[in-house]
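A.B. asks: So I've got this file, model.cif, and it contains mmCIF, C-alpha atoms:
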```cif
data_start
loop_
_atom_site.group_PDB
_atom_site.id
_atom_site.type_symbol
_atom_site.label_atom_id
_atom_site.label_comp_id
_atom_site.auth_asym_id
_atom_site.auth_seq_id
_atom_site.Cartn_x
_atom_site.Cartn_y
_atom_site.Cartn_z
ATOM 1 C CA GLY L 204 0.000 0.000 0.000
ATOM 2 C CA CYS L 205 0.850 3.684 -0.037
ATOM 3 C CA MET L 206 1.834 5.924 2.829
ATOM 4 C CA ARG L 207 2.023 9.667 3.331
ATOM 5 C CA MET L 208 5.468 11.065 4.132
ATOM 6 C CA HIS L 209 7.344 14.362 4.140
ATOM 7 C CA PHE L 210 10.573 14.879 2.218
ATOM 8 C CA LEU L 211 13.129 17.613 1.688
ATOM 9 C CA ALA L 212 13.959 18.955 -1.766
ATOM 10 C CA ALA L 213 17.436 20.304 -2.586
ATOM 11 C CA THR L 214 17.314 23.388 -4.812
ATOM 12 C CA ASP L 215 21.077 23.865 -5.078
ATOM 13 C CA LEU L 216 23.916 21.338 -4.841
ATOM 14 C CA SER L 217 27.687 21.721 -4.902
ATOM 15 C CA GLU L 218 29.641 20.105 -7.712
ATOM 16 C CA GLU L 219 31.710 18.114 -5.229
ATOM 17 C CA PRO L 220 30.714 15.400 -4.530
ATOM 18 C CA PHE L 221 27.186 15.373 -5.970
ATOM 19 C CA ALA L 222 28.240 15.738 -9.623
ATOM 20 C CA LYS L 223 29.710 12.228 -9.434
ATOM 21 C CA PHE L 224 26.656 10.615 -7.872
ATOM 22 C CA GLY L 225 24.594 8.282 -10.031
ATOM 23 C CA PHE L 226 21.355 8.718 -8.115
ATOM 24 C CA ASP L 227 18.731 11.418 -7.677
ATOM 25 C CA GLY L 228 18.130 11.383 -3.942
ATOM 26 C CA VAL L 229 19.174 10.114 -0.519
ATOM 27 C CA PHE L 230 17.035 7.604 1.353
ATOM 28 C CA GLY L 231 17.884 8.456 4.956
ATOM 29 C CA LEU L 232 17.569 5.769 7.640
ATOM 30 C CA SER L 233 18.955 7.648 10.610
ATOM 31 C CA LEU L 234 17.646 7.712 14.123
ATOM 32 C CA LEU L 235 15.083 10.352 15.029
ATOM 33 C CA GLY L 236 17.696 12.753 16.400
ATOM 34 C CA LEU L 237 19.052 13.498 12.921
ATOM 35 C CA SER L 238 15.667 14.137 11.266
ATOM 36 C CA GLN L 239 14.143 17.571 10.744
ATOM 37 C CA THR L 240 10.877 16.404 12.342
ATOM 38 C CA PRO L 241 9.391 12.994 13.271
ATOM 39 C CA GLN L 242 7.376 13.201 10.036
ATOM 40 C CA HIS L 243 10.675 13.287 8.105
ATOM 41 C CA ASN L 244 12.001 10.121 9.752
ATOM 42 C CA PHE L 245 11.267 7.108 7.581
ATOM 43 C CA LEU L 246 11.501 4.510 10.360
ATOM 44 C CA THR L 247 9.063 6.434 12.566
ATOM 45 C CA VAL L 248 6.532 6.895 9.760
ATOM 46 C CA LEU L 249 6.853 3.255 8.698
ATOM 47 C CA SER L 250 6.325 1.933 12.230
ATOM 48 C CA HIS L 251 3.184 4.054 12.630
ATOM 49 C CA LEU L 252 1.851 2.764 9.330
ATOM 50 C CA ILE L 253 2.420 -0.859 10.343
ATOM 51 C CA LYS L 254 0.917 -0.234 13.778
ATOM 52 C CA ASP L 255 -2.221 1.283 12.232
ATOM 53 C CA ARG L 256 -2.674 -1.960 10.302
ATOM 54 C CA HIS L 257 -2.552 -3.987 13.545
ATOM 55 C CA GLN L 258 0.771 -5.597 12.701
ATOM 56 C CA CYS L 259 4.091 -5.787 14.555
ATOM 57 C CA ALA L 260 5.412 -2.218 14.618
ATOM 58 C CA SER L 261 9.135 -3.052 14.530
ATOM 59 C CA GLN L 262 11.535 -0.198 13.810
ATOM 60 C CA ALA L 263 14.386 -2.517 12.829
ATOM 61 C CA PHE L 264 15.868 -3.132 9.409
ATOM 62 C CA GLY L 265 18.578 -5.460 8.125
ATOM 63 C CA VAL L 266 21.204 -4.792 5.444
ATOM 64 C CA PHE L 267 22.864 -7.418 3.253
ATOM 65 C CA LEU L 268 25.637 -6.443 0.819
ATOM 66 C CA ALA L 269 26.358 -8.837 -2.039
ATOM 67 C CA LYS L 270 29.867 -10.211 -2.408
ATOM 68 C CA ASN L 271 29.783 -11.469 -6.002
ATOM 69 C CA GLU L 272 27.708 -11.505 -9.189
ATOM 70 C CA HIS L 273 25.658 -14.476 -8.004
ATOM 71 C CA GLU L 274 24.116 -12.420 -5.175
ATOM 72 C CA GLU L 275 21.928 -9.357 -4.850
ATOM 73 C CA SER L 276 22.131 -6.815 -2.056
ATOM 74 C CA ASP L 277 18.922 -6.237 -0.152
ATOM 75 C CA ILE L 278 17.390 -4.416 2.787
ATOM 76 C CA ALA L 279 14.578 -5.773 4.976
ATOM 77 C CA PHE L 280 12.216 -3.468 6.869
ATOM 78 C CA GLY L 281 10.133 -4.379 9.900
ATOM 79 C CA GLY L 282 12.765 -6.869 11.074
ATOM 80 C CA TRP L 283 15.560 -8.779 9.369
ATOM 81 C CA ASN L 284 16.187 -11.778 7.130
ATOM 82 C CA GLU L 285 17.419 -14.772 9.142
ATOM 83 C CA GLY L 286 18.415 -16.477 5.899
ATOM 84 C CA HIS L 287 21.364 -14.103 5.547
ATOM 85 C CA LEU L 288 22.798 -15.059 8.941
ATOM 86 C CA LEU L 289 25.453 -17.689 9.596
ATOM 87 C CA GLU L 290 25.172 -17.188 13.353
ATOM 88 C CA GLU L 291 23.077 -15.423 15.970
ATOM 89 C CA LEU L 292 23.213 -11.643 16.117
ATOM 90 C CA SER L 293 25.453 -9.920 18.651
ATOM 91 C CA TRP L 294 24.187 -6.528 19.788
ATOM 92 C CA ALA L 295 25.923 -3.266 20.675
ATOM 93 C CA PRO L 296 24.118 -0.206 22.121
ATOM 94 C CA VAL L 297 24.068 3.035 20.123
ATOM 95 C CA HIS L 298 26.224 5.787 21.571
ATOM 96 C CA ASP L 299 24.154 8.916 22.345
ATOM 97 C CA PRO L 300 21.054 8.227 20.193
ATOM 98 C CA SER L 301 20.152 11.939 20.352
ATOM 99 C CA LEU L 302 22.866 12.549 17.727
ATOM 100 C CA GLY L 303 20.867 10.440 15.284
ATOM 101 C CA HIS L 304 23.836 8.436 13.961
ATOM 102 C CA TRP L 305 24.324 4.680 14.076
ATOM 103 C CA ILE L 306 27.462 4.874 16.243
ATOM 104 C CA ILE L 307 28.594 2.302 18.790
ATOM 105 C CA PRO L 308 31.409 2.502 21.384
ATOM 106 C CA ILE L 309 34.660 0.593 20.792
ATOM 107 C CA LYS L 310 36.108 -1.102 23.866
ATOM 108 C CA SER L 311 39.521 -1.790 22.309
ATOM 109 C CA MET L 312 41.257 -2.489 19.016
ATOM 110 C CA ARG L 313 44.041 -4.935 18.206
ATOM 111 C CA VAL L 314 46.043 -6.357 15.324
ATOM 112 C CA ASP L 315 46.442 -10.093 15.934
ATOM 113 C CA ASP L 316 47.280 -10.160 19.669
ATOM 114 C CA GLU L 317 48.737 -6.637 19.882
ATOM 115 C CA VAL L 318 46.360 -4.192 21.571
ATOM 116 C CA LEU L 319 46.658 -0.639 20.240
ATOM 117 C CA ASP L 320 46.959 2.104 22.855
ATOM 118 C CA PHE L 321 44.898 4.497 20.759
ATOM 119 C CA CYS L 322 41.591 3.349 22.263
ATOM 120 C CA ASN L 323 42.735 2.900 25.854
ATOM 121 C CA ASP L 324 41.035 6.145 26.933
ATOM 122 C CA GLY L 325 37.595 4.760 26.063
ATOM 123 C CA GLN L 326 36.894 7.490 23.490
ATOM 124 C CA CYS L 327 36.937 5.332 20.332
ATOM 125 C CA ARG L 328 33.663 4.844 18.515
ATOM 126 C CA ALA L 329 32.536 3.217 15.277
ATOM 127 C CA ALA L 330 29.932 4.497 12.847
ATOM 128 C CA VAL L 331 28.291 1.793 10.757
ATOM 129 C CA ASP L 332 27.719 3.279 7.297
ATOM 130 C CA THR L 333 26.624 1.645 4.034
ATOM 131 C CA GLY L 334 27.708 4.764 2.132
ATOM 132 C CA THR L 335 31.432 4.388 2.923
ATOM 133 C CA ALA L 336 33.349 2.196 0.475
ATOM 134 C CA LEU L 337 36.438 1.603 2.658
ATOM 135 C CA LEU L 338 37.387 1.326 6.294
ATOM 136 C CA SER L 339 37.823 4.859 7.635
ATOM 137 C CA VAL L 340 40.184 5.575 10.546
ATOM 138 C CA PRO L 341 41.181 8.739 12.457
ATOM 139 C CA PRO L 342 44.330 10.421 11.028
ATOM 140 C CA LYS L 343 46.341 9.949 14.238
ATOM 141 C CA ILE L 344 46.146 6.148 14.037
ATOM 142 C CA PHE L 345 46.429 5.799 10.250
ATOM 143 C CA ARG L 346 50.220 5.384 9.927
ATOM 144 C CA GLU L 347 50.542 2.912 12.802
ATOM 145 C CA LEU L 348 47.628 0.822 11.605
ATOM 146 C CA PHE L 349 48.798 0.914 7.992
ATOM 147 C CA GLU L 350 52.251 -0.409 8.915
ATOM 148 C CA LEU L 351 50.822 -3.163 11.121
ATOM 149 C CA LEU L 352 48.442 -4.406 8.430
ATOM 150 C CA ARG L 353 50.772 -4.191 5.411
ATOM 151 C CA HIS L 354 52.297 -7.572 4.560
ATOM 152 C CA GLU L 355 53.767 -9.707 1.783
ATOM 153 C CA SER L 356 51.363 -11.487 -0.545
ATOM 154 C CA ASP L 357 51.001 -15.207 -1.082
ATOM 155 C CA LEU L 358 52.878 -16.987 -3.866
ATOM 156 C CA SER L 359 49.910 -16.494 -6.194
ATOM 157 C CA GLY L 360 50.173 -12.729 -5.725
ATOM 158 C CA HIS L 361 46.850 -12.216 -3.962
ATOM 159 C CA CYS L 362 45.787 -11.285 -0.408
ATOM 160 C CA GLN L 363 43.386 -14.129 0.297
ATOM 161 C CA GLY L 364 45.373 -16.017 2.914
ATOM 162 C CA HIS L 365 48.148 -15.266 5.379
ATOM 163 C CA GLY L 366 48.217 -11.846 7.032
ATOM 164 C CA PRO L 367 47.434 -9.863 10.187
ATOM 165 C CA MET L 368 43.906 -9.929 11.594
ATOM 166 C CA LEU L 369 42.239 -6.656 12.589
ATOM 167 C CA HIS L 370 39.843 -6.856 15.551
ATOM 168 C CA PHE L 371 37.389 -4.283 16.879
ATOM 169 C CA GLU L 372 36.362 -5.226 20.401
ATOM 170 C CA PHE L 373 32.905 -4.123 21.523
ATOM 171 C CA GLU L 374 31.231 -4.730 24.877
ATOM 172 C CA ASP L 375 30.203 -8.368 24.369
ATOM 173 C CA PHE L 376 31.676 -9.383 21.009
ATOM 174 C CA SER L 377 34.269 -8.491 18.393
ATOM 175 C CA VAL L 378 34.283 -7.773 14.661
ATOM 176 C CA SER L 379 37.290 -9.287 12.889
ATOM 177 C CA MET L 380 38.737 -8.441 9.480
ATOM 178 C CA SER L 381 41.148 -10.640 7.531
ATOM 179 C CA PRO L 382 43.374 -9.538 4.600
ATOM 180 C CA THR L 383 40.612 -10.720 2.273
ATOM 181 C CA GLU L 384 38.354 -7.943 3.564
ATOM 182 C CA TYR L 385 40.738 -5.056 4.206
ATOM 183 C CA SER L 386 43.625 -5.325 1.705
ATOM 184 C CA ALA L 387 44.525 -5.460 -1.993
ATOM 185 C CA PRO L 388 47.780 -6.482 -3.771
ATOM 186 C CA ARG L 389 50.125 -3.895 -5.225
ATOM 187 C CA ARG L 390 53.298 -4.447 -7.242
ATOM 188 C CA THR L 391 56.615 -3.393 -5.722
ATOM 189 C CA LYS L 392 60.153 -2.986 -7.111
ATOM 190 C CA LYS L 393 61.597 -5.872 -5.133
ATOM 191 C CA SER L 394 62.656 -9.274 -6.473
ATOM 192 C CA LEU L 395 60.095 -12.006 -7.068
ATOM 193 C CA MET L 396 60.903 -14.310 -4.153
ATOM 194 C CA ARG L 397 62.235 -13.660 -0.698
ATOM 195 C CA ASP L 398 65.697 -15.153 -0.271
ATOM 196 C CA PRO L 399 65.912 -17.876 2.383
ATOM 197 C CA GLU L 400 67.685 -16.956 5.584
ATOM 198 C CA PHE L 401 69.983 -19.545 7.111
ATOM 199 C CA GLU L 402 71.123 -19.605 10.709
ATOM 200 C CA GLU L 403 73.646 -21.819 12.449
ATOM 201 C CA ASP L 404 72.062 -24.772 14.258
ATOM 202 C CA GLN L 405 68.671 -23.977 12.755
ATOM 203 C CA PRO L 406 66.109 -26.622 13.844
ATOM 204 C CA ALA L 407 65.189 -29.081 11.124
ATOM 205 C CA ASN L 408 61.463 -28.443 11.645
ATOM 206 C CA ASP L 409 61.817 -24.633 11.635
ATOM 207 C CA THR L 410 60.431 -23.939 8.188
ATOM 208 C CA GLU L 411 58.848 -20.791 6.819
ATOM 209 C CA ALA L 412 56.496 -20.691 3.839
ATOM 210 C CA PRO L 413 58.034 -18.846 0.867
ATOM 211 C CA ARG L 414 56.498 -15.464 0.162
ATOM 212 C CA ARG L 415 56.549 -13.150 -2.844
ATOM 213 C CA ARG L 416 58.254 -9.774 -2.572
ATOM 214 C CA ASP L 417 57.226 -8.240 -5.901
ATOM 215 C CA PHE L 418 53.648 -8.003 -4.607
ATOM 216 C CA ARG L 419 52.595 -6.680 -1.225
ATOM 217 C CA CYS L 420 49.186 -6.467 0.397
ATOM 218 C CA PHE L 421 48.275 -2.898 1.273
ATOM 219 C CA PRO L 422 45.374 -2.102 3.623
ATOM 220 C CA LEU L 423 42.554 -0.154 1.973
ATOM 221 C CA LEU L 424 42.158 2.590 4.561
ATOM 222 C CA MET L 425 40.950 6.163 4.359
ATOM 223 C CA THR L 426 41.120 8.941 6.938
ATOM 224 C CA LEU L 427 38.391 11.199 8.255
ATOM 225 C CA GLU L 428 38.921 13.829 10.935
ATOM 226 C CA LEU L 429 35.854 15.004 12.837
ATOM 227 C CA GLU L 430 35.480 17.252 15.847
ATOM 228 C CA GLU L 431 33.303 16.499 18.851
ATOM 229 C CA PRO L 432 30.670 15.270 19.417
ATOM 230 C CA LEU L 433 31.294 12.713 16.637
ATOM 231 C CA GLY L 434 35.111 12.793 16.689
ATOM 232 C CA PRO L 435 37.963 12.890 17.131
ATOM 233 C CA LYS L 436 38.336 9.100 17.518
ATOM 234 C CA LEU L 437 35.633 7.970 15.117
ATOM 235 C CA PHE L 438 36.116 4.908 12.905
ATOM 236 C CA ILE L 439 33.695 4.208 10.048
ATOM 237 C CA LEU L 440 32.883 0.588 9.354
ATOM 238 C CA GLY L 441 32.041 0.713 5.654
ATOM 239 C CA GLU L 442 31.483 -1.856 2.929
ATOM 240 C CA PRO L 443 34.381 -4.217 3.839
ATOM 241 C CA VAL L 444 32.757 -4.876 7.223
ATOM 242 C CA LEU L 445 29.184 -4.854 5.932
ATOM 243 C CA ARG L 446 29.935 -7.509 3.318
ATOM 244 C CA LYS L 447 31.338 -9.903 5.883
ATOM 245 C CA TYR L 448 28.650 -9.180 8.481
ATOM 246 C CA TYR L 449 24.896 -8.932 8.143
ATOM 247 C CA THR L 450 23.889 -5.878 10.169
ATOM 248 C CA VAL L 451 20.581 -5.043 11.834
ATOM 249 C CA TYR L 452 19.613 -1.558 13.004
ATOM 250 C CA ASP L 453 17.023 -1.417 15.784
ATOM 251 C CA ALA L 454 15.698 2.136 16.162
ATOM 252 C CA ARG L 455 13.302 1.227 18.981
ATOM 253 C CA GLN L 456 15.903 -0.347 21.269
ATOM 254 C CA LYS L 457 18.765 1.861 19.967
ATOM 255 C CA ARG L 458 21.162 -0.939 19.099
ATOM 256 C CA ILE L 459 23.029 -2.526 16.167
ATOM 257 C CA GLY L 460 23.316 -6.260 15.581
ATOM 258 C CA PHE L 461 26.207 -8.038 13.835
ATOM 259 C CA GLY L 462 26.281 -11.587 12.502
ATOM 260 C CA ARG L 463 28.490 -13.220 9.890
ATOM 261 C CA ALA L 464 26.651 -13.204 6.581
ATOM 262 C CA VAL L 465 25.935 -16.215 4.399
ATOM 263 C CA HIS L 466 27.452 -15.762 0.941
ATOM 264 C CA THR L 467 27.433 -17.968 -2.115
ATOM 265 C CA SER L 468 30.946 -18.455 -3.427
ATOM 266 C CA ASP L 469 32.513 -19.511 -6.692
ATOM 267 C CA PRO L 470 34.242 -22.909 -6.470
ATOM 268 C CA SER L 471 38.008 -23.095 -6.412
ATOM 269 C CA ARG L 472 40.044 -24.545 -9.291
ATOM 270 C CA ASP L 473 40.469 -27.835 -7.382
ATOM 271 C CA GLU L 474 36.704 -28.076 -6.859
ATOM 272 C CA LEU L 475 36.147 -27.455 -10.560
ATOM 273 C CA LEU L 476 38.550 -30.286 -11.430
ATOM 274 C CA THR L 477 36.632 -32.597 -9.086
ATOM 275 C CA HIS L 478 33.352 -31.848 -10.887
ATOM 276 C CA ALA L 479 34.926 -31.728 -14.375
ATOM 277 C CA PRO L 480 33.448 -35.074 -15.595
ATOM 278 C CA GLU L 481 29.935 -33.969 -14.699
ATOM 279 C CA LEU L 482 30.448 -30.481 -16.095
ATOM 280 C CA ASP L 483 31.831 -31.828 -19.366
ATOM 281 C CA GLY L 484 28.785 -34.077 -19.656
ATOM 282 C CA ILE L 485 26.315 -31.182 -19.790
ATOM 283 C CA GLY L 486 24.456 -31.307 -23.061
ATOM 284 C CA LEU L 487 26.454 -34.268 -24.439
ATOM 285 C CA GLU L 488 23.600 -36.750 -24.019
ATOM 286 C CA GLU L 489 21.452 -34.655 -26.329
ATOM 287 C CA LYS L 490 24.186 -34.985 -28.964
ATOM 288 C CA GLY L 491 24.373 -38.763 -28.535
ATOM 289 C CA LEU L 492 27.816 -38.674 -26.856
ATOM 290 C CA ASN L 493 28.643 -40.586 -23.683
ATOM 291 C CA LYS L 494 31.924 -38.922 -22.802
ATOM 292 C CA LYS L 495 34.317 -36.229 -23.903
ATOM 293 C CA ARG L 496 38.084 -36.350 -24.246
ATOM 294 C CA ARG L 497 39.704 -34.095 -21.655
ATOM 295 C CA ARG L 498 43.238 -32.719 -21.479
ATOM 296 C CA THR L 499 45.578 -34.133 -18.869
ATOM 297 C CA ASN L 500 46.535 -30.570 -17.900
ATOM 298 C CA PRO L 501 43.429 -28.329 -18.129
ATOM 299 C CA THR L 502 43.924 -24.873 -19.575
ATOM 300 C CA MET L 503 42.446 -21.594 -18.411
ATOM 301 C CA PHE L 504 39.809 -22.014 -21.130
ATOM 302 C CA ASP L 505 38.703 -25.323 -19.605
ATOM 303 C CA VAL L 506 38.331 -23.661 -16.201
ATOM 304 C CA PHE L 507 36.339 -20.836 -17.777
ATOM 305 C CA ARG L 508 34.070 -23.324 -19.570
ATOM 306 C CA TRP L 509 33.441 -25.238 -16.355
ATOM 307 C CA ARG L 510 32.558 -22.057 -14.471
ATOM 308 C CA GLN L 511 30.057 -21.225 -17.207
ATOM 309 C CA ALA L 512 28.622 -24.735 -16.954
ATOM 310 C CA LEU L 513 28.001 -24.213 -13.245
ATOM 311 C CA LYS L 514 25.340 -21.706 -14.208
ATOM 312 C CA VAL L 515 23.430 -24.685 -15.608
ATOM 313 C CA LEU L 516 24.085 -26.865 -12.567
ATOM 314 C CA PRO L 517 23.739 -24.492 -9.588
ATOM 315 C CA GLY L 518 23.569 -27.470 -7.253
ATOM 316 C CA LEU L 519 27.322 -27.853 -7.620
ATOM 317 C CA ARG L 520 27.921 -24.496 -5.968
ATOM 318 C CA LYS L 521 28.710 -24.301 -2.304
ATOM 319 C CA THR L 522 25.775 -24.137 0.049
ATOM 320 C CA PRO L 523 25.903 -22.152 3.313
ATOM 321 C CA ASN L 524 26.373 -25.376 5.289
ATOM 322 C CA GLU L 525 29.381 -26.349 3.168
ATOM 323 C CA LYS L 526 31.034 -22.961 3.455
ATOM 324 C CA GLU L 527 34.056 -22.761 5.744
ATOM 325 C CA LEU L 528 33.507 -20.790 8.932
#
```
Go through the file and emit its structure as structure tokens.
C.D. replies:
Amino acid sequence: GCMRMHFLAATDLSEEPFAKFGFDGVFGLSLLGLSQTPQHNFLTVLSHLIKDRHQCASQAFGVFLAKNEHEESDIAFGGWNEGHLLEELSWAPVHDPSLGHWIIPIKSMRVDDEVLDFCNDGQCRAAVDTGTALLSVPPKIFRELFELLRHESDLSGHCQGHGPMLHFEFEDFSVSMSPTEYSAPRRTKKSLMRDPEFEEDQPANDTEAPRRRDFRCFPLLMTLELEEPLGPKLFILGEPVLRKYYTVYDARQKRIGFGRAVHTSDPSRDELLTHAPELDGIGLEEKGLNKKRRRTNPTMFDVFRWRQALKVLPGLRKTPNEKEL
């Protein structure tokens, strides 16, 4: 059905940044404190509409951000979609709801097991924002955090495996980011492989995995300096966090919920090789063929063909229960 709602019209906009925007308006989902009037707050108007129809008047909504082309981002109003959750939600209270922002207090922050002193005074906070593409950090912690998170890439030249873990500790839970979420590879001027280091009386079992030096994993961080009451120690948890975690925003109870999101994922090359006989058999029966000759060493074109065939057999894709935790 339809509902009556107020809106604000902009008669003049600056070139920066609105000239680069590909949309015509902003759909605000802030708390009441940031709205011009209660009639301009979408969550308030929506809850009244639902209540008038004798239904559950929840002021919560859930946000899911797609991770690949096989998914679609979505937002659920009047509650959240349990199907997007890999685990139960963990909740954090909103800091000063009168400000209207979805901001929660940070108890501490660490890289692997090293606790950073920056948040020891209890003044660190995190804004959860779907409109921020990267992880935003205060300028005073940028250099230290950048150096702690920068690391050498794997042998394949990507940032999908080994590397420091970034943890944001809240009151009753933590949000953790791996190199997959926060970093991207960048070419350097160093040699391809790191030379082995030999020491006298080195233990026979003291081995270290070889790493590439011509590629390094750089953290995708941006800085934002804000004065009080929002700053100066405000982090913004943008898309990297919101892809890994399904987030729920409860305007009635003034809290934000986090739970690891369920994502469909493309199979690895090894998984494709396992299913190769079945994938090669697609459509062959219609042509009167029982089998197809396959190369001993598959080429990149074979892998591409098998990935395309998976679109015909979606059952071969990973299900949420098969996905590694």
A.B. asks: Find the residue from L:Phe418, L:Phe349, L:Trp294, L:Phe224 that sits nearest to L:Glu374; use only C-alpha atoms when measuring.
C.D. replies: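 Looking at the shortest contact to L:Glu374, the residue is L:Trp294.
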A.B. asks: Find, counting all atoms listed in the file, the residue in L:Glu442, L:Glu219, L:Glu275, L:Val248 that gets nearest to L:Gln262.
C.D. replies: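 The answer is L:Val248, which sits nearest to L:Gln262.
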A.B. asks: Given the PyMOL selection byres ((chain L and resi 388) around 9) and the file above, list the residues it selects as a ChimeraX atom specification.
C.D. replies: /L:355-356,360-362,386-387,389-390,418-422
A.B. asks: Counting all atoms listed in the file, I want the residues whose atoms come within 8 Å of (39.1, 0.6, -3.3) in the file frame, returned as a VMD selection string.
C.D. replies: chain L and resid 336 to 337 423
A.B. asks: Those selected residues, please, written with C-alpha atoms and delivered as a PDB file, keeping the file's coordinate frame.
C.D. replies:
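Generated output (out.pdb):
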```pdb
ATOM      1  CA  ALA L 336      33.349   2.196   0.475  1.00  0.00           C
ATOM      2  CA  LEU L 337      36.438   1.603   2.658  1.00  0.00           C
ATOM      3  CA  LEU L 423      42.554  -0.154   1.973  1.00  0.00           C
TER       4      LEU L 423
END
```
A.B. asks: To one decimal place in Å, what is the distance between atom CA of L:Gly366 and atom CA of L:Gly460?
C.D. replies: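 The value is 26.9 Å.
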A.B. asks: Counting all atoms listed in the file, which of L:Pro342, L:Pro382, L:Gly281, L:Gly286 gets nearest to L:Glu428?
C.D. replies: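 The answer is L:Pro342, which sits nearest to L:Glu428.
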A.B. asks: Which residue gives the smallest distance to L:Ser238 among L:Gly265, L:Leu427, L:Leu211, L:Val331, with all atoms listed in the file counted?
C.D. replies: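 Once distances to L:Ser238 are computed over all atoms listed in the file, the minimum belongs to L:Leu211.
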A.B. asks: Which one is closest to L:Lys343: L:Ala454, L:Leu437, L:Leu268, L:Ile306? Count all atoms listed in the file.
C.D. replies: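 Counting all atoms listed in the file, the residue closest to L:Lys343 is L:Leu437.
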A.B. asks: To one decimal in Å, tell me the separation between atom CA of L:Phe376 and atom CA of L:Ala295.
C.D. replies: 8.4 Å
A.B. asks: Which one of L:Ile439, L:Ala330, L:Leu358, L:Leu352 sits closest to L:Ser381 if you count all atoms listed in the file?
C.D. replies: L:Leu352
A.B. asks: Would you work out the distance separating atom CA of L:Phe210 from atom CA of L:Gln242, expressed in Å to one decimal?
C.D. replies: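 We find that atom CA of L:Phe210 and atom CA of L:Gln242 lie 8.6 Å from each other.
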A.B. asks: Please, what is the axis-aligned box for every listed atom of stretch 308-318 of chain L with 5 Å on each side, as centre and edge lengths in Å to one decimal, as AutoDock Vina command-line options?
C.D. replies:
```
--center_x 40.1 --center_y -3.8 --center_z 19.6 --size_x 27.3 --size_y 22.7 --size_z 18.5
```
A.B. asks: Which polymer residues have any atom within 8 Å of an atom of L:Leu302, counting only C-alpha atoms, with same-chain residues fewer than 5 positions away left out, as a list in words?
C.D. replies: Leu234, Gly236 and Leu237 of chain L
A.B. asks: Using all atoms listed in the file, which protein or nucleic acid residues come within 12 Å of L:Phe461? Drop anything in the same chain fewer than 3 positions from it, and give the result as a short mmCIF file (atom, residue, chain, number, x, y, z; two decimals) with C-alpha atoms, in the frame of the given file.
C.D. replies:
```cif
data_model
loop_
_atom_site.label_atom_id
_atom_site.label_comp_id
_atom_site.auth_asym_id
_atom_site.auth_seq_id
_atom_site.Cartn_x
_atom_site.Cartn_y
_atom_site.Cartn_z
CA GLY L 265 18.58 -5.46 8.12
CA VAL L 266 21.20 -4.79 5.44
CA PHE L 267 22.86 -7.42 3.25
CA TRP L 283 15.56 -8.78 9.37
CA HIS L 287 21.36 -14.10 5.55
CA LEU L 288 22.80 -15.06 8.94
CA LEU L 289 25.45 -17.69 9.60
CA GLU L 290 25.17 -17.19 13.35
CA GLU L 291 23.08 -15.42 15.97
CA LEU L 292 23.21 -11.64 16.12
CA SER L 293 25.45 -9.92 18.65
CA TRP L 294 24.19 -6.53 19.79
CA ALA L 295 25.92 -3.27 20.68
CA PRO L 296 24.12 -0.21 22.12
CA ILE L 307 28.59 2.30 18.79
CA VAL L 331 28.29 1.79 10.76
CA PHE L 373 32.90 -4.12 21.52
CA ASP L 375 30.20 -8.37 24.37
CA PHE L 376 31.68 -9.38 21.01
CA SER L 377 34.27 -8.49 18.39
CA VAL L 378 34.28 -7.77 14.66
CA SER L 379 37.29 -9.29 12.89
CA LEU L 440 32.88 0.59 9.35
CA VAL L 444 32.76 -4.88 7.22
CA LEU L 445 29.18 -4.85 5.93
CA ARG L 446 29.94 -7.51 3.32
CA LYS L 447 31.34 -9.90 5.88
CA TYR L 448 28.65 -9.18 8.48
CA TYR L 449 24.90 -8.93 8.14
CA THR L 450 23.89 -5.88 10.17
CA VAL L 451 20.58 -5.04 11.83
CA TYR L 452 19.61 -1.56 13.00
CA ASP L 453 17.02 -1.42 15.78
CA ARG L 458 21.16 -0.94 19.10
CA ALA L 464 26.65 -13.20 6.58
#
```
A.B. asks: Write out as a list in words each polymer residue whose atoms come within 10 Å of stretch 367-370 of chain L, counting all atoms listed in the file; drop sequence neighbours fewer than 4 positions from it.
C.D. replies: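 Final neighbour list, sorted by chain and number: Ser311, Met312, Arg313, Val314, Asp315, Asp316, Glu317, Val318, Leu348, Leu351, Leu352, Arg353, His354, Ser377, Val378, Ser379, Met380, Ser381, Pro382, Thr383, Glu384 and Tyr385 of chain L.
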A.B. asks: May I have the protein, DNA and RNA residues with any atom at most 9 Å from the point (8.2, 16.2, 6.2), counting only C-alpha atoms, written as a PyMOL selection string?
C.D. replies: chain L and resi 208-211+239-244
